[in-house]
Amino acid sequence: MRPGELLKHLMKAFPPVAALWFRLKRRIQLEKIPAAGAVALITFLMLGAAGSAWAQGGGDTPRVQVFGGYSYTRFDSPSFGFSNPSGLNGYTFAPAFNLIRGFGVVAELSGQYGTNVNFRDITVGPQFLYPKGKAMFFAHVMFGKARSLVQVGAGEEDTERAVAVGGGMDYDLTRRFAIRVFQVDYIHTTLFSEKQNNYRFSTGLVYRWGALKKKGHRSPLATP
């Protein structure tokens with residue numbers, strides 16, 4: 001997925017972000033911002049939009065969410081000698097605990113593999129949520145470690161810090177289960193003493209339990 005397409009998907013998922021984005025384009029020359037920086041900017045706008053929308057209303061937020069599914073990473077392997085970016089396939093597992101309605105902490109373990117290279121990372125950070133009908137929009141910023149193994153010649157492996165910025169949307173299937181329609185993340189790493197701008201797409205199932213009720217919500221059992 002190209003950076004421009006990624007930005008379009010994020011703005012479609014979060015309409016308030018599009019309005020903020022076009023306002024900024026009138027004031028600053030966004031074309032001069034690198035693609036990775038543009039994705040980070042969009043995501044932070046997404047956080048602000050979600051926070052504003054949460055303050056205005058929305059549905060209940062689950063106390064716990066556990067996501068597991070497929071992920072594809074466009075790995076920036078040319079930064080350390082490959083001729084083209086590597087398309088890696090694998091998994092993402094992400095449990096989240098929500099502290100208050102609309103805000104929580106998420107941890108993510110992910111691994112993607114190719115013929116001559118693989119990429120694994122574990123990160124944790126704050127996550128913002130905005131429930132709207134059967135949809136749950138979310139955005140997060142996570143920090144942790146990434147590791148890559150290059151299986152060329154004698155092989156070489158390196159571990160460095162990682163920063164992941166992204167968001168996505170879940171859609172309810174039942175009270176307990178939702179499908180993660182999409183999750184898109186920009187992952188910045190400095191493996192093998194070089195900078196990498198990586199992009200990951202994930203989809204799968206989310207299991208949820210517990211609920212943080214909307215303020216003013218009354219249980220049917222409490223109704224006189």
# chains A, B, ... in the order shown; residues from 1 in each chain; ligands from 1
$ residues_around --residues "range 62-69 of chain A" --least-positions-apart "6" --cutoff "6 Å" --atoms "only C-alpha atoms" --output "ChimeraX atom specification"
/A:91-98,203-212
$ atom_distance --atom1 "CA of Glu160 in chain A" --atom2 "CA of Gly104 in chain A"
25.6 Å
$ closest_atom_pairs --of "range 166-199 of chain A" --to "range 75-79 of chain A" --cutoff "7 Å" --atoms "only C-alpha atoms" --output "Markdown table"
| residue | atom | partner | partner_atom | distance |
| --- | --- | --- | --- | --- |
| A:Glu194 | CA | A:Ser79 | CA | 6.2 |
| A:Lys195 | CA | A:Ser79 | CA | 6.8 |
| A:Gln196 | CA | A:Asp76 | CA | 5.3 |
| A:Asn197 | CA | A:Asp76 | CA | 5.9 |
| A:Asn198 | CA | A:Phe75 | CA | 5.0 |
| A:Tyr199 | CA | A:Phe75 | CA | 6.9 |
$ write_last_selection --atoms "C-alpha atoms" --output "PDB file, in the first residue's frame"
ATOM      1  CA  GLU A 194      19.800   2.319   9.211  1.00  0.00           C
ATOM      2  CA  LYS A 195      16.367   3.967   9.359  1.00  0.00           C
ATOM      3  CA  GLN A 196      13.317   2.012   8.172  1.00  0.00           C
ATOM      4  CA  ASN A 197       9.834   3.326   7.358  1.00  0.00           C
ATOM      5  CA  ASN A 198       7.613   0.244   7.484  1.00  0.00           C
ATOM      6  CA  TYR A 199       3.846  -0.094   6.915  1.00  0.00           C
TER       7      TYR A 199
END
$ residues_around --residues "range 139-152 of chain A" --least-positions-apart "4" --cutoff "7 Å" --atoms "only C-alpha atoms" --output "ChimeraX atom specification"
/A:43,46-47,116-129,156-168
$ write_last_selection --atoms "N, CA and C atoms" --output "PDB file, in the first residue's frame"
ATOM      1  N   THR A  43      -2.444  10.481  12.126  1.00  0.00           N
ATOM      2  CA  THR A  43      -2.853   9.668  13.272  1.00  0.00           C
ATOM      3  C   THR A  43      -3.051  10.526  14.508  1.00  0.00           C
ATOM      4  N   MET A  46      -6.184  12.096  14.268  1.00  0.00           N
ATOM      5  CA  MET A  46      -7.187  11.076  14.527  1.00  0.00           C
ATOM      6  C   MET A  46      -7.418  10.940  16.032  1.00  0.00           C
ATOM      7  N   LEU A  47      -6.327  10.998  16.807  1.00  0.00           N
ATOM      8  CA  LEU A  47      -6.452  10.922  18.265  1.00  0.00           C
ATOM      9  C   LEU A  47      -7.283  12.088  18.786  1.00  0.00           C
ATOM     10  N   ASN A 116      13.833 -14.426   2.642  1.00  0.00           N
ATOM     11  CA  ASN A 116      15.186 -14.121   3.127  1.00  0.00           C
ATOM     12  C   ASN A 116      15.233 -13.180   4.321  1.00  0.00           C
ATOM     13  N   VAL A 117      14.069 -12.736   4.791  1.00  0.00           N
ATOM     14  CA  VAL A 117      14.061 -11.768   5.887  1.00  0.00           C
ATOM     15  C   VAL A 117      12.784 -11.928   6.699  1.00  0.00           C
ATOM     16  N   ASN A 118      12.878 -11.669   7.985  1.00  0.00           N
ATOM     17  CA  ASN A 118      11.665 -11.604   8.803  1.00  0.00           C
ATOM     18  C   ASN A 118      11.729 -10.381   9.703  1.00  0.00           C
ATOM     19  N   PHE A 119      10.571 -10.031  10.269  1.00  0.00           N
ATOM     20  CA  PHE A 119      10.448  -8.821  11.096  1.00  0.00           C
ATOM     21  C   PHE A 119       9.493  -9.118  12.236  1.00  0.00           C
ATOM     22  N   ARG A 120       9.972  -8.897  13.469  1.00  0.00           N
ATOM     23  CA  ARG A 120       9.150  -9.133  14.654  1.00  0.00           C
ATOM     24  C   ARG A 120       9.246  -7.925  15.573  1.00  0.00           C
ATOM     25  N   ASP A 121       8.143  -7.609  16.244  1.00  0.00           N
ATOM     26  CA  ASP A 121       8.184  -6.482  17.175  1.00  0.00           C
ATOM     27  C   ASP A 121       7.206  -6.696  18.317  1.00  0.00           C
ATOM     28  N   ILE A 122       7.516  -6.075  19.438  1.00  0.00           N
ATOM     29  CA  ILE A 122       6.624  -6.051  20.591  1.00  0.00           C
ATOM     30  C   ILE A 122       6.593  -4.616  21.106  1.00  0.00           C
ATOM     31  N   THR A 123       5.393  -4.053  21.202  1.00  0.00           N
ATOM     32  CA  THR A 123       5.243  -2.648  21.574  1.00  0.00           C
ATOM     33  C   THR A 123       4.071  -2.483  22.538  1.00  0.00           C
ATOM     34  N   VAL A 124       4.044  -1.362  23.227  1.00  0.00           N
ATOM     35  CA  VAL A 124       2.949  -1.059  24.153  1.00  0.00           C
ATOM     36  C   VAL A 124       2.763   0.454  24.199  1.00  0.00           C
ATOM     37  N   GLY A 125       1.521   0.889  24.430  1.00  0.00           N
ATOM     38  CA  GLY A 125       1.280   2.329  24.497  1.00  0.00           C
ATOM     39  C   GLY A 125      -0.190   2.658  24.687  1.00  0.00           C
ATOM     40  N   PRO A 126      -0.521   3.944  24.715  1.00  0.00           N
ATOM     41  CA  PRO A 126      -1.911   4.388  24.916  1.00  0.00           C
ATOM     42  C   PRO A 126      -2.753   4.180  23.668  1.00  0.00           C
ATOM     43  N   GLN A 127      -4.040   3.921  23.889  1.00  0.00           N
ATOM     44  CA  GLN A 127      -4.972   3.748  22.779  1.00  0.00           C
ATOM     45  C   GLN A 127      -6.255   4.522  23.057  1.00  0.00           C
ATOM     46  N   PHE A 128      -6.730   5.233  22.041  1.00  0.00           N
ATOM     47  CA  PHE A 128      -7.973   5.993  22.133  1.00  0.00           C
ATOM     48  C   PHE A 128      -9.038   5.283  21.311  1.00  0.00           C
ATOM     49  N   LEU A 129     -10.266   5.237  21.831  1.00  0.00           N
ATOM     50  CA  LEU A 129     -11.364   4.553  21.153  1.00  0.00           C
ATOM     51  C   LEU A 129     -12.578   5.457  21.036  1.00  0.00           C
ATOM     52  N   GLU A 156      22.330 -12.496   9.429  1.00  0.00           N
ATOM     53  CA  GLU A 156      22.591 -11.434  10.408  1.00  0.00           C
ATOM     54  C   GLU A 156      21.290 -11.041  11.082  1.00  0.00           C
ATOM     55  N   GLU A 157      21.354 -10.770  12.390  1.00  0.00           N
ATOM     56  CA  GLU A 157      20.164 -10.413  13.152  1.00  0.00           C
ATOM     57  C   GLU A 157      20.449  -9.163  13.966  1.00  0.00           C
ATOM     58  N   ASP A 158      19.425  -8.323  14.119  1.00  0.00           N
ATOM     59  CA  ASP A 158      19.599  -7.089  14.883  1.00  0.00           C
ATOM     60  C   ASP A 158      18.309  -6.764  15.632  1.00  0.00           C
ATOM     61  N   THR A 159      18.451  -6.114  16.791  1.00  0.00           N
ATOM     62  CA  THR A 159      17.315  -5.680  17.609  1.00  0.00           C
ATOM     63  C   THR A 159      17.484  -4.214  17.935  1.00  0.00           C
ATOM     64  N   GLU A 160      16.439  -3.423  17.706  1.00  0.00           N
ATOM     65  CA  GLU A 160      16.493  -1.987  17.991  1.00  0.00           C
ATOM     66  C   GLU A 160      15.128  -1.508  18.463  1.00  0.00           C
ATOM     67  N   ARG A 161      15.053  -0.238  18.864  1.00  0.00           N
ATOM     68  CA  ARG A 161      13.797   0.352  19.295  1.00  0.00           C
ATOM     69  C   ARG A 161      12.825   0.503  18.129  1.00  0.00           C
ATOM     70  N   ALA A 162      11.537   0.480  18.463  1.00  0.00           N
ATOM     71  CA  ALA A 162      10.503   0.636  17.447  1.00  0.00           C
ATOM     72  C   ALA A 162       9.421   1.580  17.960  1.00  0.00           C
ATOM     73  N   VAL A 163       8.866   2.377  17.054  1.00  0.00           N
ATOM     74  CA  VAL A 163       7.728   3.249  17.356  1.00  0.00           C
ATOM     75  C   VAL A 163       6.643   2.947  16.326  1.00  0.00           C
ATOM     76  N   ALA A 164       5.434   2.643  16.804  1.00  0.00           N
ATOM     77  CA  ALA A 164       4.319   2.323  15.918  1.00  0.00           C
ATOM     78  C   ALA A 164       3.194   3.332  16.130  1.00  0.00           C
ATOM     79  N   VAL A 165       2.706   3.893  15.043  1.00  0.00           N
ATOM     80  CA  VAL A 165       1.609   4.861  15.081  1.00  0.00           C
ATOM     81  C   VAL A 165       0.544   4.404  14.096  1.00  0.00           C
ATOM     82  N   GLY A 166      -0.697   4.261  14.565  1.00  0.00           N
ATOM     83  CA  GLY A 166      -1.717   3.788  13.634  1.00  0.00           C
ATOM     84  C   GLY A 166      -3.114   3.807  14.210  1.00  0.00           C
ATOM     85  N   GLY A 167      -4.004   3.134  13.511  1.00  0.00           N
ATOM     86  CA  GLY A 167      -5.390   3.085  13.939  1.00  0.00           C
ATOM     87  C   GLY A 167      -6.185   2.173  13.036  1.00  0.00           C
ATOM     88  N   GLY A 168      -7.492   2.072  13.307  1.00  0.00           N
ATOM     89  CA  GLY A 168      -8.320   1.201  12.500  1.00  0.00           C
ATOM     90  C   GLY A 168      -9.767   1.196  12.960  1.00  0.00           C
TER      91      GLY A 168
END
$ closest_residue --among "A:Ile179, A:Phe201, A:Gly133, A:Gly153" --to "Tyr72 in chain A" --atoms "only C-alpha atoms"
A:Phe201
$ atom_distance --atom1 "CA of Pro85 in chain A" --atom2 "CA of Val181 in chain A"
24.9 Å
$ residues_around --residues "Gly114 in chain A" --least-positions-apart "4" --cutoff "8 Å" --atoms "only C-alpha atoms" --output "number ranges by chain"
A: 86-89, 118
$ write_last_selection --atoms "C-alpha atoms" --output "mmCIF file, in the first residue's frame"
data_model
loop_
_atom_site.group_PDB
_atom_site.id
_atom_site.type_symbol
_atom_site.label_atom_id
_atom_site.label_comp_id
_atom_site.auth_asym_id
_atom_site.auth_seq_id
_atom_site.Cartn_x
_atom_site.Cartn_y
_atom_site.Cartn_z
ATOM 1 C CA SER A 86 9.940 -6.931 1.177
ATOM 2 C CA GLY A 87 6.312 -8.072 1.414
ATOM 3 C CA LEU A 88 6.081 -10.093 4.624
ATOM 4 C CA ASN A 89 3.136 -12.183 5.873
ATOM 5 C CA ASN A 118 11.665 -11.604 8.803
#
$ atom_distance --atom1 "CA of Gly90 in chain A" --atom2 "CA of Val106 in chain A"
19.4 Å
$ closest_residue --among "A:Tyr171, A:Phe80, A:Phe103, A:Phe138" --to "Leu191 in chain A" --atoms "only C-alpha atoms"
A:Phe80
$ select_by_dssp --residues "range 40-166 of chain A" --states "strand (DSSP E or B)" --output "ChimeraX atom specification"
/A:61,64-75,86-100,103-113,117-132,135-150,156-166
